[in-house]
Amino acid sequence: MTINSLDGNKFLTGQVILINKPIGWSSFDVVKKIKHLIKIKKKIKKIKVGHAGTLDPLATGLLIVCTGKFTKIISTIQNMEKTYTGTITLGESTPSYDLETKVDRKHKTSHITEKLLYQTTKKFLGEIQQTPPIYSAIKQDGERLYQIARR
């Protein structure tokens with residue numbers, strides 16, 4: 001689907017747009033760009049556009065964007081079950097737990113076997129209580145933690 005391929009009224013009645021958010025863009029940047037494109041391409045002066053969950057600007061992944069009347073279902077989408085995937089590098093760690101900061105620690109990996117990896121992944125199945133890292137989009141005193149950490 002592209003902005004050009006839909007009738008402008010469909011954006012007003014509601015669309016769910018799935019975006020693979022690029023690194024470097026904030027969730028708000030994506031919403032702002034979609035809103036701008038709809039206004040310019042479809043000549044709609046006023047339209048609601050919102051996202052169903054903030055991603056850190058340096059994270060990539062699925063960002064669910066809703067338009068028009070579908071912005072009312074954003075909280076329903078946010079409360080849905082989620083599955084996370086990722087890629088890890090064994091033997092290295094960074095202060096931010098991602099690619100934002102440089103590797104600050106290296107560890108030996110010769111003791112890691114396929115069996116150990118399989119056993120360890122079992123700890124991450126089912127319901128777990130996740131502790132968000134300091135470099136996250138969670139707000140503390142009205143400010144995103146990643147903004148505080150980057151200062």
# chains A, B, ... in the order shown; residues from 1 in each chain; ligands from 1

call {"tool": "residues_around", "arguments": {"residues": "Lys21 (chain A)", "least_positions_apart": "4", "cutoff": "8 Å", "atoms": "only C-alpha atoms", "output": "list in words"}}
result
Trp25, Ser27, Val30, Ala59, Thr60, Gly61, Leu62 and Leu63 of chain A

call {"tool": "write_last_selection", "arguments": {"atoms": "N, CA, C and O atoms", "output": "short mmCIF file (atom, residue, chain, number, x, y, z; two decimals), in the first residue's frame"}}
result
data_model
loop_
_atom_site.label_atom_id
_atom_site.label_comp_id
_atom_site.auth_asym_id
_atom_site.auth_seq_id
_atom_site.Cartn_x
_atom_site.Cartn_y
_atom_site.Cartn_z
N TRP A 25 15.17 7.45 13.08
CA TRP A 25 13.88 8.13 13.09
C TRP A 25 13.20 7.88 14.43
O TRP A 25 13.19 6.74 14.91
N SER A 27 9.63 7.65 16.60
CA SER A 27 8.26 7.24 16.26
C SER A 27 7.45 8.46 15.81
O SER A 27 6.66 8.39 14.88
N VAL A 30 8.08 9.41 12.19
CA VAL A 30 7.32 8.58 11.25
C VAL A 30 5.88 9.09 11.15
O VAL A 30 5.36 9.27 10.05
N ALA A 59 16.37 2.30 17.41
CA ALA A 59 15.83 0.94 17.24
C ALA A 59 15.15 0.85 15.87
O ALA A 59 14.64 1.84 15.35
N THR A 60 15.16 -0.33 15.32
CA THR A 60 14.40 -0.60 14.11
C THR A 60 13.31 -1.59 14.47
O THR A 60 13.39 -2.26 15.49
N GLY A 61 12.31 -1.67 13.64
CA GLY A 61 11.27 -2.66 13.88
C GLY A 61 9.89 -2.14 13.56
O GLY A 61 9.72 -1.03 13.05
N LEU A 62 8.91 -2.96 13.89
CA LEU A 62 7.53 -2.67 13.55
C LEU A 62 6.98 -1.50 14.37
O LEU A 62 7.02 -1.51 15.59
N LEU A 63 6.49 -0.51 13.66
CA LEU A 63 5.77 0.61 14.27
C LEU A 63 4.38 0.60 13.64
O LEU A 63 4.24 0.68 12.42
#

call {"tool": "select_by_dssp", "arguments": {"residues": "region 53-135 of chain A", "states": "strand (DSSP E)", "output": "list in words"}}
result
Gly61, Leu62, Leu63, Ile64, Val65, Cys66, Thr67, Glu92, Ser93, Arg105 and Lys106 of chain A

call {"tool": "write_last_selection", "arguments": {"atoms": "all heavy atoms", "output": "compact mmCIF listing (two decimals), in the first residue's frame"}}
result
# COMPACT_ATOMS: atom_id res chain seq x y z
N GLY A 61 12.31 -1.67 13.64
CA GLY A 61 11.27 -2.66 13.88
C GLY A 61 9.89 -2.14 13.56
O GLY A 61 9.72 -1.03 13.05
N LEU A 62 8.91 -2.96 13.89
CA LEU A 62 7.53 -2.67 13.55
C LEU A 62 6.98 -1.50 14.37
O LEU A 62 7.02 -1.51 15.59
CB LEU A 62 6.66 -3.91 13.82
CG LEU A 62 5.15 -3.72 13.60
CD1 LEU A 62 4.84 -3.43 12.13
CD2 LEU A 62 4.40 -4.94 14.08
N LEU A 63 6.49 -0.51 13.66
CA LEU A 63 5.77 0.61 14.27
C LEU A 63 4.38 0.60 13.64
O LEU A 63 4.24 0.68 12.42
CB LEU A 63 6.48 1.94 13.99
CG LEU A 63 5.83 3.16 14.62
CD1 LEU A 63 5.97 3.11 16.15
CD2 LEU A 63 6.45 4.44 14.09
N ILE A 64 3.37 0.46 14.49
CA ILE A 64 2.00 0.42 14.01
C ILE A 64 1.44 1.83 14.07
O ILE A 64 1.42 2.46 15.13
CB ILE A 64 1.14 -0.54 14.85
CG1 ILE A 64 1.74 -1.95 14.80
CG2 ILE A 64 -0.31 -0.53 14.38
CD1 ILE A 64 1.11 -2.93 15.77
N VAL A 65 1.02 2.34 12.90
CA VAL A 65 0.50 3.70 12.79
C VAL A 65 -0.97 3.62 12.39
O VAL A 65 -1.34 2.85 11.51
CB VAL A 65 1.31 4.51 11.74
CG1 VAL A 65 0.74 5.90 11.56
CG2 VAL A 65 2.78 4.58 12.14
N CYS A 66 -1.80 4.40 13.06
CA CYS A 66 -3.23 4.44 12.76
C CYS A 66 -3.62 5.83 12.29
O CYS A 66 -3.07 6.83 12.77
CB CYS A 66 -4.05 4.08 13.99
SG CYS A 66 -3.76 2.41 14.59
N THR A 67 -4.59 5.88 11.37
CA THR A 67 -5.08 7.17 10.88
C THR A 67 -6.57 7.30 11.15
O THR A 67 -7.27 6.30 11.37
CB THR A 67 -4.84 7.32 9.36
OG1 THR A 67 -5.72 6.43 8.65
CG2 THR A 67 -3.40 7.05 8.98
N GLU A 92 30.43 -9.96 23.61
CA GLU A 92 30.60 -8.51 23.65
C GLU A 92 29.38 -7.87 24.30
O GLU A 92 28.27 -8.37 24.15
CB GLU A 92 30.76 -7.93 22.25
CG GLU A 92 31.98 -8.39 21.52
CD GLU A 92 32.12 -7.77 20.13
OE1 GLU A 92 31.15 -7.18 19.62
OE2 GLU A 92 33.20 -7.89 19.56
N SER A 93 29.61 -6.78 25.00
CA SER A 93 28.47 -6.04 25.56
C SER A 93 28.74 -4.54 25.46
O SER A 93 29.90 -4.11 25.35
CB SER A 93 28.20 -6.45 27.01
OG SER A 93 29.32 -6.15 27.82
N ARG A 105 32.98 -4.17 26.83
CA ARG A 105 33.46 -5.38 27.50
C ARG A 105 33.47 -6.55 26.51
O ARG A 105 32.55 -6.70 25.72
CB ARG A 105 32.56 -5.72 28.68
CG ARG A 105 32.79 -4.81 29.88
CD ARG A 105 32.09 -5.32 31.09
NE ARG A 105 30.79 -4.64 31.14
CZ ARG A 105 29.77 -5.03 31.86
NH1 ARG A 105 29.86 -6.12 32.58
NH2 ARG A 105 28.65 -4.36 31.86
N LYS A 106 34.52 -7.34 26.61
CA LYS A 106 34.62 -8.58 25.81
C LYS A 106 34.78 -9.73 26.77
O LYS A 106 35.44 -9.61 27.80
CB LYS A 106 35.79 -8.50 24.85
CG LYS A 106 35.59 -7.42 23.79
CD LYS A 106 36.57 -7.58 22.66
CE LYS A 106 36.27 -6.52 21.62
NZ LYS A 106 36.28 -7.01 20.28

call {"tool": "atom_distance", "arguments": {"atom1": "CA of Ile38 (chain A)", "atom2": "CA of Met80 (chain A)"}}
result
27.1 Å

call {"tool": "closest_residue", "arguments": {"among": "A:Thr89, A:Asn20, A:Ser136, A:Gln15", "to": "Ile74 (chain A)", "atoms": "only C-alpha atoms"}}
result
A:Gln15

call {"tool": "closest_residue", "arguments": {"among": "A:Ile17, A:Ile138, A:Leu58, A:Ile128", "to": "Thr71 (chain A)", "atoms": "only C-alpha atoms"}}
result
A:Ile17

call {"tool": "atom_distance", "arguments": {"atom1": "CA of Ala137 (chain A)", "atom2": "CA of Lys82 (chain A)"}}
result
16.7 Å

call {"tool": "decode", "arguments": {"residues": "region 51-77 of chain A", "atoms": "N, CA, C and O atoms", "output": "tab-separated table (two decimals), in the first residue's frame"}}
result
chain	number	residue	atom	x	y	z
A	51	HIS	N	0.65	6.56	16.70
A	51	HIS	CA	1.34	5.27	16.69
A	51	HIS	C	1.00	4.49	17.96
A	51	HIS	O	0.65	5.06	18.98
A	52	ALA	N	1.13	3.16	17.85
A	52	ALA	CA	0.75	2.27	18.95
A	52	ALA	C	1.97	1.77	19.70
A	52	ALA	O	2.13	0.58	19.93
A	53	GLY	N	2.85	2.68	20.10
A	53	GLY	CA	4.02	2.27	20.88
A	53	GLY	C	5.29	2.94	20.40
A	53	GLY	O	5.61	2.87	19.23
A	54	THR	N	5.97	3.57	21.31
A	54	THR	CA	7.19	4.31	20.98
A	54	THR	C	8.38	3.38	20.84
A	54	THR	O	8.61	2.52	21.68
A	55	LEU	N	9.13	3.56	19.77
A	55	LEU	CA	10.41	2.88	19.58
A	55	LEU	C	11.51	3.91	19.71
A	55	LEU	O	11.40	5.02	19.22
A	56	ASP	N	12.59	3.53	20.37
A	56	ASP	CA	13.76	4.39	20.48
A	56	ASP	C	14.21	4.79	19.08
A	56	ASP	O	14.13	3.98	18.15
A	57	PRO	N	14.67	6.02	18.88
A	57	PRO	CA	15.12	6.43	17.55
A	57	PRO	C	16.22	5.53	16.96
A	57	PRO	O	16.31	5.40	15.75
A	58	LEU	N	17.02	4.89	17.80
A	58	LEU	CA	18.07	4.03	17.26
A	58	LEU	C	17.64	2.57	17.18
A	58	LEU	O	18.46	1.70	16.86
A	59	ALA	N	16.37	2.30	17.41
A	59	ALA	CA	15.83	0.94	17.24
A	59	ALA	C	15.15	0.85	15.87
A	59	ALA	O	14.64	1.84	15.35
A	60	THR	N	15.16	-0.33	15.32
A	60	THR	CA	14.40	-0.60	14.11
A	60	THR	C	13.31	-1.59	14.47
A	60	THR	O	13.39	-2.26	15.49
A	61	GLY	N	12.31	-1.67	13.64
A	61	GLY	CA	11.27	-2.66	13.88
A	61	GLY	C	9.89	-2.14	13.56
A	61	GLY	O	9.72	-1.03	13.05
A	62	LEU	N	8.91	-2.96	13.89
A	62	LEU	CA	7.53	-2.67	13.55
A	62	LEU	C	6.98	-1.50	14.37
A	62	LEU	O	7.02	-1.51	15.59
A	63	LEU	N	6.49	-0.51	13.66
A	63	LEU	CA	5.77	0.61	14.27
A	63	LEU	C	4.38	0.60	13.64
A	63	LEU	O	4.24	0.68	12.42
A	64	ILE	N	3.37	0.46	14.49
A	64	ILE	CA	2.00	0.42	14.01
A	64	ILE	C	1.44	1.83	14.07
A	64	ILE	O	1.42	2.46	15.13
A	65	VAL	N	1.02	2.34	12.90
A	65	VAL	CA	0.50	3.70	12.79
A	65	VAL	C	-0.97	3.62	12.39
A	65	VAL	O	-1.34	2.85	11.51
A	66	CYS	N	-1.80	4.40	13.06
A	66	CYS	CA	-3.23	4.44	12.76
A	66	CYS	C	-3.62	5.83	12.29
A	66	CYS	O	-3.07	6.83	12.77
A	67	THR	N	-4.59	5.88	11.37
A	67	THR	CA	-5.08	7.17	10.88
A	67	THR	C	-6.57	7.30	11.15
A	67	THR	O	-7.27	6.30	11.37
A	68	GLY	N	-7.02	8.54	11.11
A	68	GLY	CA	-8.45	8.82	11.21
A	68	GLY	C	-9.10	8.21	12.43
A	68	GLY	O	-8.56	8.24	13.53
A	69	LYS	N	-10.26	7.61	12.21
A	69	LYS	CA	-11.04	7.03	13.32
A	69	LYS	C	-10.35	5.83	13.96
A	69	LYS	O	-10.67	5.46	15.08
A	70	PHE	N	-9.39	5.22	13.26
A	70	PHE	CA	-8.68	4.07	13.82
A	70	PHE	C	-7.71	4.49	14.94
A	70	PHE	O	-7.20	3.63	15.65
A	71	THR	N	-7.47	5.79	15.11
A	71	THR	CA	-6.63	6.21	16.22
A	71	THR	C	-7.28	5.86	17.55
A	71	THR	O	-6.60	5.75	18.57
A	72	LYS	N	-8.59	5.62	17.53
A	72	LYS	CA	-9.30	5.24	18.75
A	72	LYS	C	-8.97	3.82	19.20
A	72	LYS	O	-9.24	3.46	20.35
A	73	ILE	N	-8.40	3.01	18.32
A	73	ILE	CA	-8.08	1.62	18.69
A	73	ILE	C	-6.61	1.45	19.09
A	73	ILE	O	-6.16	0.34	19.36
A	74	ILE	N	-5.88	2.54	19.16
A	74	ILE	CA	-4.45	2.46	19.48
A	74	ILE	C	-4.23	1.78	20.83
A	74	ILE	O	-3.36	0.92	20.96
A	75	SER	N	-5.01	2.14	21.85
A	75	SER	CA	-4.81	1.53	23.17
A	75	SER	C	-5.09	0.02	23.12
A	75	SER	O	-4.42	-0.75	23.82
A	76	THR	N	-6.03	-0.41	22.32
A	76	THR	CA	-6.31	-1.84	22.16
A	76	THR	C	-5.10	-2.54	21.55
A	76	THR	O	-4.69	-3.61	22.01
A	77	ILE	N	-4.51	-1.94	20.54
A	77	ILE	CA	-3.33	-2.52	19.90
A	77	ILE	C	-2.17	-2.57	20.89
A	77	ILE	O	-1.46	-3.57	20.97
